[in-house]
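Working notes for the structure below.
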Amino acid sequence: MRVGDIVLKRSIYRGNVRWTFPHRYVGEWDGRVGIYCGPGNQGKAMRRGPDGYLKRWVTDAPPFDTDWEQTHVLRFEREGARHSIEVYWDIEWNQMSWYVNLQSPVVFNGACIDTTDEALDVIVSPEGTWSWKDEDELEEAVGLGIWTEAEAVEIRAEGERVIAAAPWPTGWEDWRPPADWGPLGLPRDWHVV
């Protein structure tokens, strides 16, 4: 893979893409592939409604068109890993957080990075303090039968393993994309699993 190549990250559940955005390959860190998603990239996602989004997420309903907005994110993915390590900045490139996205084991599938988001995440402030994100959604996912209680325990345990390892800072916090990297459109075959 070359710097600037387009990579599609997808969250797939029961053969349906629930979330996807195009990224650009930036390099490697700690045996992980680094991919960047910037403001204006076109993607697909399940929208949150009054009752959340998971009830729709488990159906065959298509995701909605959406644009990545308000943040820059650099994601580090390793094939087989049950989490990604991410660096978030606001639109002006002020670091907002590190982020641990808990997910099913990552599969590299050509120009796609495929996984299933597991709802629970970890947010780490620039000062290094951490907190869980979306604990209520993990509980709802168990109630909907997406995961069992035992699987939810393992999802949380994966987060605890990453917190204990504390793989931040990454050394990429001062990285910036080349000036000619504009917003990316979504490829036509984004839904082909």
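Following the order of the structure tokens, first chain is A, next is B, and so on, with residues numbered from 1 inside each chain and ligands from 1 in the order they appear.
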**Report entry** Spatial neighbours of Thr20 of chain A, 6 Å, only C-alpha atoms, chain gap at least 4 places, as a PyMOL selection string
**Finding:** chain A and resi 9-10+43-44
Requested in this report: With a distance cut-off of 9 Å and only C-alpha atoms, select the neighbouring residues of Leu54 of chain A, excluding the residue or stretch itself and same-chain residues fewer than 3 positions from it, and output the selection as an MDAnalysis selection string.
Outcome: chainID A and resid 46 48 51 57:59 137 140:141 144
I need the chosen residues saved as an mmCIF file, in the first residue's frame, with C-alpha atoms.
data_model
loop_
_atom_site.group_PDB
_atom_site.id
_atom_site.type_symbol
_atom_site.label_atom_id
_atom_site.label_comp_id
_atom_site.auth_asym_id
_atom_site.auth_seq_id
_atom_site.Cartn_x
_atom_site.Cartn_y
_atom_site.Cartn_z
ATOM 1 C CA MET A 46 -27.190 4.380 10.799
ATOM 2 C CA ARG A 48 -29.784 7.937 15.806
ATOM 3 C CA ASP A 51 -34.890 5.226 20.475
ATOM 4 C CA TRP A 57 -29.023 -1.431 12.959
ATOM 5 C CA VAL A 58 -30.094 -5.087 13.470
ATOM 6 C CA THR A 59 -32.527 -4.981 10.517
ATOM 7 C CA GLU A 137 -25.572 0.960 24.013
ATOM 8 C CA GLU A 140 -29.062 -2.381 24.758
ATOM 9 C CA ALA A 141 -27.165 -4.562 22.255
ATOM 10 C CA LEU A 144 -31.530 -6.981 21.419
#
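Across the structure, atom CA of Ser84 of chain A and atom CA of Val106 of chain A are spaced 8.9 Å apart.
With only C-alpha atoms as the atoms that count, the residue of A:Gly182, A:Gly27, A:Asp117, A:Asp189 with the shortest distance to Ser11 of chain A is A:Asp117.
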Query - Selection near Ala152 of chain A, 10 Å with only C-alpha atoms, sequence-local residues under 6 positions removed, as a list of chain:residue names - result: A:Glu118, A:Ala119, A:Leu120, A:Leu138, A:Glu139, A:Ala141, A:Val142, A:Ile146, A:Glu158
Query raised in the report: Counting only C-alpha atoms, what is within 8 Å of segment 170-179 of chain A, bar same-chain residues fewer than 5 positions away, as number ranges by chain?
Result: A: 29, 87, 95
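Nearest-residue note for Ala111 of chain A: choosing from A:Trp68, A:Trp19, A:Trp190, A:Trp98, the minimum distance belongs to A:Trp190, counting only C-alpha atoms.
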